[in-house]
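Trainee: Contents of start.cif (mmCIF, C-alpha atoms):
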```
data_start
#
loop_
_atom_site.label_atom_id
_atom_site.label_comp_id
_atom_site.auth_asym_id
_atom_site.auth_seq_id
_atom_site.Cartn_x
_atom_site.Cartn_y
_atom_site.Cartn_z
CA MET L 93 17.92 12.82 -4.75
CA GLU L 94 17.99 14.24 -1.27
CA GLY L 95 17.01 12.04 1.66
CA ILE L 96 16.75 11.93 5.45
CA TYR L 97 16.77 8.85 7.64
CA GLN L 98 16.15 8.26 11.31
CA ILE L 99 16.54 5.34 13.64
CA ASP L 100 13.61 6.24 15.79
CA SER L 101 12.68 5.35 19.34
CA ALA L 102 9.80 3.05 20.24
CA ARG L 103 6.48 4.85 19.86
CA SER L 104 2.78 4.09 20.12
CA GLY L 105 0.97 2.63 17.14
CA ILE L 106 -0.97 5.85 16.61
CA ASP L 107 2.22 7.92 16.61
CA ASN L 108 4.00 5.49 14.30
CA MET L 109 1.19 5.52 11.74
CA SER L 110 0.76 9.29 12.04
CA ILE L 111 4.46 9.93 11.41
CA ASP L 112 4.52 7.60 8.41
CA GLN L 113 1.50 9.33 6.91
CA ALA L 114 3.06 12.74 7.60
CA MET L 115 6.22 11.55 5.82
CA LEU L 116 4.13 10.57 2.79
CA LEU L 117 2.37 13.94 2.68
CA GLN L 118 5.64 15.82 3.12
CA THR L 119 7.45 13.86 0.42
CA ALA L 120 4.54 14.49 -1.95
CA GLU L 121 5.15 18.20 -1.34
CA ASP L 122 8.92 18.55 -1.25
CA GLY L 123 10.21 15.50 -3.14
CA ILE L 124 12.65 14.57 -0.37
CA ALA L 125 13.01 10.85 0.37
CA ARG L 126 12.55 9.81 4.01
CA LEU L 127 13.41 6.58 5.77
CA ARG L 128 12.47 5.72 9.34
CA ILE L 129 13.34 2.54 11.20
CA TYR L 130 11.42 2.04 14.38
CA SER L 131 9.74 -0.18 16.94
CA TRP L 132 6.59 -0.10 19.04
CA ASP L 133 6.22 0.83 22.72
CA LYS L 134 3.82 -2.05 23.38
CA PRO L 135 2.53 -5.04 21.47
CA THR L 136 0.26 -3.65 18.77
CA VAL L 137 -1.63 -5.14 15.85
CA SER L 138 -1.55 -3.10 12.65
CA LEU L 139 -4.38 -3.91 10.28
CA GLY L 140 -4.03 -3.66 6.52
CA TYR L 141 -6.01 -0.85 4.94
CA PHE L 142 -8.73 -3.12 3.58
CA GLN L 143 -8.92 -5.64 6.41
CA LYS L 144 -12.19 -5.96 8.27
CA PHE L 145 -12.10 -4.88 11.91
CA GLU L 146 -14.18 -7.90 12.85
CA GLU L 147 -11.23 -10.08 11.83
CA PHE L 148 -9.20 -8.35 14.52
CA GLN L 149 -12.00 -8.91 17.00
CA SER L 150 -11.96 -12.61 16.16
CA PHE L 151 -8.17 -12.68 16.54
CA ASN L 152 -8.33 -10.83 19.85
CA PRO L 153 -11.76 -11.52 21.40
CA ALA L 154 -10.71 -10.03 24.74
CA GLU L 155 -9.97 -6.76 22.89
CA ASP L 156 -7.03 -6.15 25.20
CA LEU L 157 -4.51 -5.62 22.42
CA SER L 158 -3.60 -2.25 21.02
CA VAL L 159 -4.67 -1.90 17.39
CA VAL L 160 -4.12 0.61 14.59
CA ARG L 161 -4.94 0.61 10.93
CA ARG L 162 -2.19 1.17 8.38
CA ALA L 163 -2.59 3.24 5.24
CA THR L 164 -0.90 0.41 3.35
CA GLY L 165 -2.49 -2.83 2.28
CA GLY L 166 -1.76 -6.46 3.09
CA GLY L 167 -2.44 -8.51 6.19
CA ALA L 168 -2.27 -7.76 9.90
CA ILE L 169 1.06 -7.62 11.70
CA VAL L 170 1.62 -8.26 15.39
CA HIS L 171 4.32 -5.75 16.27
CA HIS L 172 5.87 -7.29 19.32
CA TYR L 173 9.36 -8.44 18.44
CA ASP L 174 10.03 -6.79 15.11
CA TRP L 175 11.80 -3.91 13.43
CA THR L 176 9.55 -1.83 11.27
CA TYR L 177 10.62 0.56 8.54
CA SER L 178 8.84 3.15 6.46
CA ILE L 179 10.19 4.89 3.41
CA THR L 180 8.64 7.61 1.30
CA LEU L 181 9.84 8.49 -2.20
CA PRO L 182 8.56 10.57 -5.07
CA ALA L 183 6.59 8.04 -7.13
CA THR L 184 8.43 8.77 -10.35
CA GLU L 185 11.80 8.35 -8.67
CA ALA L 186 10.59 5.07 -7.18
CA GLY L 187 9.74 3.80 -10.66
CA ALA L 188 6.11 3.34 -9.68
CA ILE L 189 3.96 1.76 -12.34
CA ALA L 190 0.48 2.87 -13.32
CA HIS L 191 -1.72 3.35 -10.31
CA GLY L 192 0.51 1.79 -7.83
CA ALA L 193 3.29 -0.36 -6.71
CA SER L 194 6.98 0.01 -7.25
CA PRO L 195 8.37 -3.52 -7.50
CA ARG L 196 11.77 -1.87 -7.75
CA LEU L 197 11.45 -0.44 -4.26
CA TYR L 198 10.39 -3.80 -2.81
CA ASP L 199 13.30 -5.49 -4.49
CA CYS L 200 15.75 -2.86 -3.29
CA VAL L 201 14.84 -3.01 0.40
CA HIS L 202 14.30 -6.75 0.51
CA GLY L 203 17.52 -7.31 -1.43
CA ALA L 204 19.40 -5.17 1.09
CA VAL L 205 17.94 -7.18 3.97
CA ILE L 206 18.88 -10.46 2.31
CA GLY L 207 22.40 -9.09 1.89
CA TRP L 208 22.54 -8.10 5.56
CA LEU L 209 21.29 -11.52 6.66
CA GLY L 210 23.91 -13.11 4.41
CA GLN L 211 26.62 -11.13 6.18
CA HIS L 212 25.47 -12.93 9.32
CA GLN L 213 25.48 -16.34 7.65
CA VAL L 214 21.70 -16.49 7.36
CA ALA L 215 20.58 -17.86 3.99
CA ALA L 216 17.55 -15.84 2.99
CA GLU L 217 15.79 -15.65 -0.36
CA LEU L 218 12.95 -13.92 -2.09
CA TRP L 219 9.71 -15.83 -2.33
CA SER L 220 9.01 -16.59 -5.94
CA ASN L 221 5.59 -18.19 -5.84
CA GLN L 222 6.70 -21.79 -5.70
CA PRO L 223 3.70 -23.79 -4.56
CA LEU L 224 3.91 -25.15 -1.02
CA PRO L 225 1.09 -27.10 0.61
CA GLY L 226 -0.98 -25.07 3.01
CA ILE L 227 0.60 -21.74 2.12
CA GLN L 228 -1.40 -18.97 0.54
CA GLN L 229 0.60 -17.63 -2.33
CA SER L 230 -1.25 -14.58 -3.43
CA SER L 231 -3.43 -11.96 -1.90
CA ALA L 232 -5.82 -12.63 -4.76
CA VAL L 233 -7.28 -15.46 -2.69
CA CYS L 234 -8.45 -12.84 -0.19
CA ASN L 235 -11.29 -12.18 -2.55
CA ALA L 236 -12.67 -15.63 -1.97
CA GLY L 237 -12.68 -15.09 1.78
CA GLY L 238 -9.88 -17.58 2.39
CA CYS L 239 -7.10 -15.20 3.29
CA SER L 240 -4.99 -15.43 6.41
CA PHE L 241 -5.48 -12.61 8.87
CA LEU L 242 -1.75 -12.34 9.55
CA CYS L 243 0.60 -10.93 6.94
CA PHE L 244 3.35 -13.36 7.92
CA GLU L 245 1.11 -16.35 7.17
CA ARG L 246 0.68 -15.13 3.61
CA ARG L 247 3.18 -15.33 0.78
CA HIS L 248 3.77 -12.88 -2.03
CA ALA L 249 6.47 -12.80 -4.65
CA GLY L 250 9.30 -10.77 -3.17
CA ASP L 251 8.77 -11.65 0.51
CA VAL L 252 11.95 -12.48 2.42
CA ILE L 253 12.06 -16.16 3.35
CA VAL L 254 14.39 -18.09 5.65
CA ASP L 255 14.06 -21.88 5.78
CA GLY L 256 10.59 -21.59 4.28
CA PHE L 257 9.40 -19.06 6.86
CA LYS L 258 8.52 -15.50 5.96
CA VAL L 259 10.61 -13.10 8.04
CA MET L 260 9.92 -9.90 6.14
CA GLY L 261 7.11 -8.44 4.10
CA SER L 262 6.29 -4.97 2.86
CA ALA L 263 3.34 -3.04 1.50
CA GLN L 264 2.87 0.25 -0.29
CA ARG L 265 0.50 3.20 -0.52
CA ARG L 266 0.39 5.75 -3.30
CA HIS L 267 -0.59 9.33 -2.52
CA GLY L 268 -0.42 11.91 -5.27
CA HIS L 269 3.15 11.98 -6.49
CA ALA L 270 4.62 10.05 -3.59
CA LEU L 271 4.84 6.46 -2.45
CA LEU L 272 5.00 5.02 1.07
CA GLN L 273 6.43 1.57 1.71
CA HIS L 274 6.06 -0.10 5.09
CA GLY L 275 7.76 -3.29 6.08
CA SER L 276 8.52 -5.43 9.07
CA LEU L 277 11.33 -7.82 9.97
CA LEU L 278 10.25 -10.52 12.40
CA LEU L 279 12.89 -10.91 15.10
CA ARG L 280 11.33 -13.58 17.31
CA THR L 281 8.06 -15.36 17.94
CA SER L 282 5.47 -13.40 19.83
CA PRO L 283 3.27 -15.29 22.28
CA LEU L 284 0.44 -13.43 20.56
CA ALA L 285 1.18 -15.13 17.23
CA THR L 286 2.86 -18.42 17.97
CA SER L 287 2.45 -19.81 14.46
CA LEU L 288 5.13 -17.42 13.23
CA LEU L 289 8.84 -18.06 13.58
CA GLY L 290 11.21 -15.15 13.79
CA LEU L 291 14.92 -14.92 13.11
CA SER L 292 15.78 -16.05 16.65
CA GLU L 293 13.88 -19.29 16.25
CA LEU L 294 15.64 -19.75 12.93
CA GLY L 295 19.04 -19.57 14.60
CA PHE L 296 20.03 -15.90 14.37
CA GLN L 297 19.95 -13.39 17.23
CA PRO L 298 19.52 -9.97 15.61
CA GLU L 299 19.05 -7.88 18.74
CA GLY L 300 21.79 -5.29 19.10
CA LEU L 301 22.38 -5.16 15.35
CA LEU L 302 19.85 -2.49 14.44
CA ALA L 303 22.45 0.09 13.39
CA GLY L 304 24.06 -2.31 10.91
CA PHE L 305 20.68 -3.34 9.55
CA SER L 306 19.70 0.31 9.06
CA LEU L 307 22.92 1.16 7.26
CA GLN L 308 22.45 -1.76 4.92
CA VAL L 309 19.01 -0.45 3.95
CA VAL L 310 20.38 3.09 3.56
CA ASP L 311 23.19 1.82 1.34
CA GLY L 312 20.77 -0.20 -0.76
CA LEU L 313 18.56 2.81 -1.37
CA ARG L 314 21.59 4.95 -2.15
CA ALA L 315 22.87 2.44 -4.67
CA ASP L 316 19.55 1.76 -6.39
CA PHE L 317 17.92 5.19 -6.32
CA GLY L 318 20.85 7.55 -5.87
CA ILE L 319 19.46 8.91 -2.60
CA GLN L 320 21.99 10.95 -0.65
CA PHE L 321 20.80 10.37 2.89
CA GLN L 322 21.48 12.61 5.86
CA CYS L 323 21.00 11.10 9.29
CA TYR L 324 18.34 12.78 11.41
CA ASP L 325 19.81 12.25 14.85
CA CYS L 326 17.06 13.64 17.02
CA SER L 327 14.33 12.20 19.24
CA ASP L 328 11.60 14.34 17.64
CA PRO L 329 9.60 12.90 14.75
CA ILE L 330 11.37 13.12 11.40
CA VAL L 331 8.55 15.36 10.14
CA PRO L 332 5.96 17.46 11.98
CA ILE L 333 2.67 15.60 12.34
CA PRO L 334 -0.35 17.58 11.11
CA GLU L 335 -3.06 17.61 13.76
CA GLU L 336 -5.66 16.14 11.39
CA THR L 337 -3.32 13.25 10.61
CA GLN L 338 -2.90 12.43 14.30
CA LEU L 339 -6.66 12.71 14.86
CA LYS L 340 -7.32 10.37 11.96
CA PHE L 341 -5.17 7.57 13.30
CA GLU L 342 -6.57 8.06 16.82
CA SER L 343 -10.11 7.78 15.56
CA LYS L 344 -12.14 4.60 15.97
CA LEU L 345 -13.83 5.57 12.71
CA TRP L 346 -10.50 5.03 10.98
CA THR L 347 -9.42 1.94 12.87
CA ALA L 348 -12.79 0.23 12.45
CA ARG L 349 -13.53 1.80 9.06
CA ILE L 350 -14.63 -1.51 7.56
CA MET S 237 -17.19 0.74 -25.25
CA ASN S 238 -14.64 1.29 -27.93
CA PRO S 239 -11.38 2.49 -26.30
CA GLU S 240 -10.71 4.68 -29.33
CA ASN S 241 -13.79 6.75 -28.53
CA LEU S 242 -12.98 7.31 -24.86
CA LYS S 243 -11.12 10.05 -23.00
CA TYR S 244 -8.41 9.38 -20.44
CA ASN S 245 -6.80 10.73 -17.30
CA GLU S 246 -3.03 10.65 -17.16
CA SER S 247 -3.64 8.50 -14.07
CA HIS S 248 -5.21 5.78 -16.27
CA GLU S 249 -8.94 6.17 -15.71
CA TRP S 250 -11.16 6.24 -18.81
CA VAL S 251 -14.49 7.98 -19.36
CA GLY S 252 -17.08 7.58 -22.08
CA LEU S 253 -20.36 9.36 -22.63
CA THR S 254 -23.50 7.35 -23.19
CA SER S 255 -27.23 7.82 -23.03
CA GLU S 256 -29.36 5.97 -20.51
CA ASN S 257 -33.10 6.54 -20.18
CA GLY S 258 -32.77 9.63 -22.31
CA GLN S 259 -30.12 11.13 -20.06
CA GLN S 260 -26.43 11.55 -20.80
CA VAL S 261 -24.18 9.83 -18.30
CA ALA S 262 -20.41 9.50 -18.07
CA VAL S 263 -19.18 5.94 -17.59
CA VAL S 264 -15.86 5.62 -15.76
CA GLY S 265 -13.38 2.76 -15.53
CA ILE S 266 -9.65 2.02 -15.42
CA THR S 267 -7.66 1.12 -18.47
CA ASP S 268 -6.43 -2.22 -19.69
CA PHE S 269 -2.88 -0.91 -19.39
CA ALA S 270 -3.35 -0.01 -15.72
CA ILE S 271 -4.98 -3.33 -14.92
CA GLN S 272 -2.10 -5.22 -16.49
CA GLN S 273 0.38 -3.18 -14.50
CA LEU S 274 -1.53 -3.67 -11.28
CA THR S 275 -1.53 -7.48 -11.71
CA ASP S 276 -3.50 -9.12 -8.87
CA LEU S 277 -6.30 -6.84 -7.75
CA VAL S 278 -7.49 -7.59 -4.24
CA TYR S 279 -9.91 -4.90 -3.12
CA MET S 280 -11.64 -1.92 -4.56
CA GLU S 281 -13.51 0.81 -2.74
CA LEU S 282 -16.00 2.89 -4.74
CA PRO S 283 -18.23 5.83 -3.76
CA LYS S 284 -21.90 5.51 -2.92
CA ILE S 285 -24.69 6.51 -5.26
CA GLY S 286 -25.37 10.19 -4.80
CA ALA S 287 -21.76 11.07 -3.96
CA GLN S 288 -20.26 14.07 -5.72
CA VAL S 289 -17.07 13.48 -7.71
CA VAL S 290 -14.75 16.13 -9.04
CA GLN S 291 -12.51 15.89 -12.07
CA GLY S 292 -8.95 15.16 -10.95
CA GLN S 293 -10.00 14.33 -7.39
CA GLN S 294 -9.98 10.92 -5.74
CA PHE S 295 -13.23 8.94 -5.95
CA GLY S 296 -12.10 5.50 -4.83
CA GLU S 297 -9.18 3.23 -4.04
CA VAL S 298 -7.81 -0.02 -5.28
CA GLU S 299 -5.45 -2.51 -3.67
CA SER S 300 -3.28 -4.58 -5.93
CA VAL S 301 -0.57 -6.90 -4.70
CA LYS S 302 0.11 -4.96 -1.52
CA ALA S 303 -0.15 -1.45 -2.93
CA VAL S 304 -3.12 0.79 -2.17
CA SER S 305 -3.68 3.44 -4.82
CA PRO S 306 -6.21 6.20 -5.36
CA LEU S 307 -8.60 6.32 -8.31
CA TYR S 308 -9.08 9.80 -9.77
CA SER S 309 -12.29 10.93 -11.37
CA PRO S 310 -12.07 12.08 -14.99
CA VAL S 311 -15.34 13.95 -14.65
CA THR S 312 -17.28 16.24 -12.30
CA GLY S 313 -20.82 15.37 -11.27
CA LYS S 314 -23.02 13.09 -9.19
CA VAL S 315 -22.62 9.33 -9.01
CA VAL S 316 -25.80 7.69 -10.29
CA ALA S 317 -24.63 4.06 -10.48
CA VAL S 318 -21.89 2.00 -8.85
CA HIS S 319 -20.68 -1.36 -10.10
CA SER S 320 -20.71 -2.90 -6.63
CA GLU S 321 -20.62 -6.50 -7.87
CA LEU S 322 -17.17 -5.85 -9.28
CA ALA S 323 -15.67 -6.06 -5.79
CA ASP S 324 -16.32 -9.81 -5.82
CA GLN S 325 -15.01 -10.41 -9.33
CA LEU S 326 -11.91 -8.28 -9.59
CA GLU S 327 -10.02 -11.12 -11.25
CA GLY S 328 -12.42 -10.77 -14.16
CA LEU S 329 -11.84 -7.06 -14.58
CA ALA S 330 -8.83 -7.64 -16.81
CA SER S 331 -10.88 -9.57 -19.36
CA ASP S 332 -13.37 -6.77 -20.00
CA PRO S 333 -12.16 -3.41 -18.69
CA TYR S 334 -14.15 -1.26 -21.12
CA ASP S 335 -17.59 -2.84 -20.80
CA ASN S 336 -18.32 -5.06 -17.81
CA GLY S 337 -15.36 -3.44 -16.03
CA TRP S 338 -17.04 -0.05 -15.59
CA LEU S 339 -16.74 1.34 -12.06
CA ILE S 340 -19.17 4.23 -11.72
CA LYS S 341 -21.63 6.19 -13.80
CA VAL S 342 -21.81 9.93 -13.31
CA GLU S 343 -24.42 12.53 -14.13
CA MET S 344 -22.21 15.37 -15.25
CA ALA S 345 -22.55 18.70 -13.54
CA ALA S 346 -23.64 21.70 -15.59
CA GLY S 347 -20.65 23.02 -17.46
CA ALA S 348 -18.53 19.94 -16.75
CA THR S 349 -16.39 18.77 -19.64
CA ILE S 350 -14.14 15.93 -20.64
CA ASP S 351 -12.67 17.77 -23.62
CA ASN S 352 -9.57 18.61 -21.58
CA LEU S 353 -8.64 14.94 -21.12
CA LEU S 354 -6.31 12.84 -23.25
CA ASP S 355 -7.74 11.25 -26.36
CA TYR S 356 -6.93 7.66 -27.32
CA ALA S 357 -3.85 8.54 -29.37
CA ALA S 358 -2.40 10.78 -26.66
CA TYR S 359 -3.07 8.17 -23.99
CA GLN S 360 -1.42 5.44 -26.05
CA LYS S 361 1.57 7.71 -26.50
CA GLN S 362 1.77 8.24 -22.73
CA CYS S 363 1.67 4.51 -22.08
CA ALA S 364 4.43 3.90 -24.60
CA SER S 365 6.73 6.52 -23.13
#
```
Just dump the structure as structure tokens.
Mentor:
Amino acid sequence: MEGIYQIDSARSGIDNMSIDQAMLLQTAEDGIARLRIYSWDKPTVSLGYFQKFEEFQSFNPAEDLSVVRRATGGGAIVHHYDWTYSITLPATEAGAIAHGASPRLYDCVHGAVIGWLGQHQVAAELWSNQPLPGIQQSSAVCNAGGCSFLCFERRHAGDVIVDGFKVMGSAQRRHGHALLQHGSLLLRTSPLATSLLGLSELGFQPEGLLAGFSLQVVDGLRADFGIQFQCYDCSDPIVPIPEETQLKFESKLWTARI
Amino acid sequence: MNPENLKYNESHEWVGLTSENGQQVAVVGITDFAIQQLTDLVYMELPKIGAQVVQGQQFGEVESVKAVSPLYSPVTGKVVAVHSELADQLEGLASDPYDNGWLIKVEMAAGATIDNLLDYAAYQKQCAS
């Protein structure tokens, strides 16, 4: 399978979400895999697709934080000191199951990240639903209204864990014959979410190692899915953004949709 | 509803025809197979009563363990009932997907058909492949 990847510059939340959605639409059309690794130009909260906007308002009563809504599910992420990635694949190639997720794609990316952390003597593991006091283990509890607002306070099978702390989580969105997976690696604690420990607080300084991290993910996807990636070495977005896509993510109707 | 009497989308939605108050309506849900594959369902978004749905087009969305997926209508027509209470009891959907697990009821548009969908045997074959 053909693929393109880009280590992108820091962009606004609206641009980041618009590009990821454009990648999904484009992959649904042309069947080409796309991987983008990026950051954010200012601290931004990304809400999960089904999260209530009022939860964000409770989290940030001053409403002085930038906020966007993702197309993918899961909890909110404070993008302050993190690396974010998005990947789009044809759903059949991703091994997507009926209606939705591709556990294989989660395992591939998270496995690659665990391998990369291991190269730097960081012992990371996949969360496997062992019960721990005070930790929410499944998004199913969201139904009962007891779900943490922040993604990194939740636990799902397959999350990347270091010393009991979640440092990486991912979420997916199906569209037609394509699948989008978003994920975030927490580099250090943000003053906006002090309950979360990043890799720095856990004894590893990842800054300056983005290229190696990216290559590890590329290699993992190549090995597991046979994707022959070409590097997109350009400052423009990896795909053109349709105007309606940009307008959607700019719209308050989208951000505060529920 | 008896699964053997239903019709199916390749995307795992089922539809059955029934009569309510002397009027034929199409009852729509998602299959046992899909629910098992989805595992933990978290949220579901369904259309409002009165919305128009089109066969093969998206009518709702479901979030399982961190994957948001579209639901595709197996029938064309107007939504006349929505199983809104289901949103608070998604865990129970797996136990009764073909009766209490219905999602929407649709008044079929003139000329609309479900004859082009998979029958039970063809759907079972798809799931096994």
Trainee: Please enumerate the residues selected by the PyMOL selection byres ((chain L and resi 282) around 10) when evaluated against the supplied file, formatted as a ChimeraX atom specification.
Mentor: /L:135,170-174,278-281,283-290
Trainee: Step by step, work through what the PyMOL selection byres ((chain S) within 6 of (chain L)) selects in the shown file, and finish by giving those residues as a ChimeraX atom specification.
Mentor: /S:270,276,278,302-305
Trainee: Residues at most 9 Å from Leu339 of chain S, counting all atoms listed in the file, excluding those fewer than 3 positions away in the same chain, as a list of chain:residue names?
Mentor: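 So, after excluding close chain neighbours, the residues are S:Val263, S:Val264, S:Gly265, S:Ile266, S:Leu282, S:Ala317, S:Val318, S:His319, S:Ser320, S:Leu322, S:Asn336.
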Trainee: Evaluate the PyMOL selection byres ((chain S and resi 315) around 10) here and jot the selected residues down as JSON, numbers by chain.
Mentor: {"S": [261, 262, 263, 283, 284, 285, 286, 287, 288, 289, 295, 312, 313, 314, 316, 317, 318, 340, 341, 342, 343, 344]}
Trainee: Give me, as a ChimeraX atom specification, all polymer residues having an atom no more than 6 Å from segment 117-128 of chain L, counting only C-alpha atoms and skipping those fewer than 5 positions away in the same chain.
Mentor: /L:94-99,177-182,269-270
Trainee: Using all atoms listed in the file, which residues sit within 7 Å of Asp335 of chain S once same-chain residues fewer than 3 positions away are excluded, as a list in words?
Mentor: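 What passes the distance filter is Met237, Asp332 and Trp338 of chain S.
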Trainee: Nearest to Glu249 of chain S: which of S:Tyr359, S:Glu281, S:Ser331, S:Gly347 is it, counting all atoms listed in the file?
Mentor: S:Tyr359
Trainee: Point out the residue among L:Leu339, L:Cys243, L:Ala315, L:Leu139 with the least atom-to-atom distance to Asp107 of chain L, counting all atoms listed in the file.
Mentor: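 The closest residue to Asp107 of chain L is L:Leu339.
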Trainee: Provide the atom CA of Ser276 of chain L to atom CA of Ser110 of chain L distance in Å, to one decimal place.
Mentor: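 Distance reported for this atom pair: 16.9 Å.
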Trainee: By how many Å are atom CA of Glu342 of chain L and atom CA of Asp328 of chain L apart?
Mentor: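 Taking atom CA of Glu342 of chain L and atom CA of Asp328 of chain L, their separation equals 19.2 Å.
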Trainee: Which value, in Å to one decimal, gives the distance between atom CA of Val301 of chain S and atom CA of His274 of chain L?
Mentor: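 Result for atom CA of Val301 of chain S versus atom CA of His274 of chain L: 13.6 Å, one decimal.
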Trainee: For Glu297 of chain S, which residue among S:Tyr244, S:Tyr334, S:Tyr279, S:Phe269 is the nearest when counting all atoms listed in the file?
Mentor: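 Among the listed residues, the smallest separation from Glu297 of chain S belongs to S:Tyr279.
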Trainee: Identify, on the basis of only C-alpha atoms, every residue whose closest approach to Tyr308 of chain S does not exceed 8 Å; exclude the query and any residue fewer than 3 positions from it along the same chain; express the result as a PyMOL selection string.
Mentor: chain S and resi 245+247+249+291-296
Trainee: Can you tell me which residues surround Ala330 of chain S at a distance of at most 8 Å, considering all atoms listed in the file, apart from same-chain residues fewer than 6 positions away, and format the answer as a count of residues only?
Mentor: 4
Trainee: Could the centre and edge lengths of an axis-aligned box, enclosing all atoms of segment 210-215 of chain L in the file with 6 Å extra on each side, be given in Å to one decimal as lines of an AutoDock Vina configuration file?
Mentor:
```
center_x = 23.6
center_y = -14.5
center_z = 6.7
size_x = 18.0
size_y = 18.7
size_z = 17.3
```
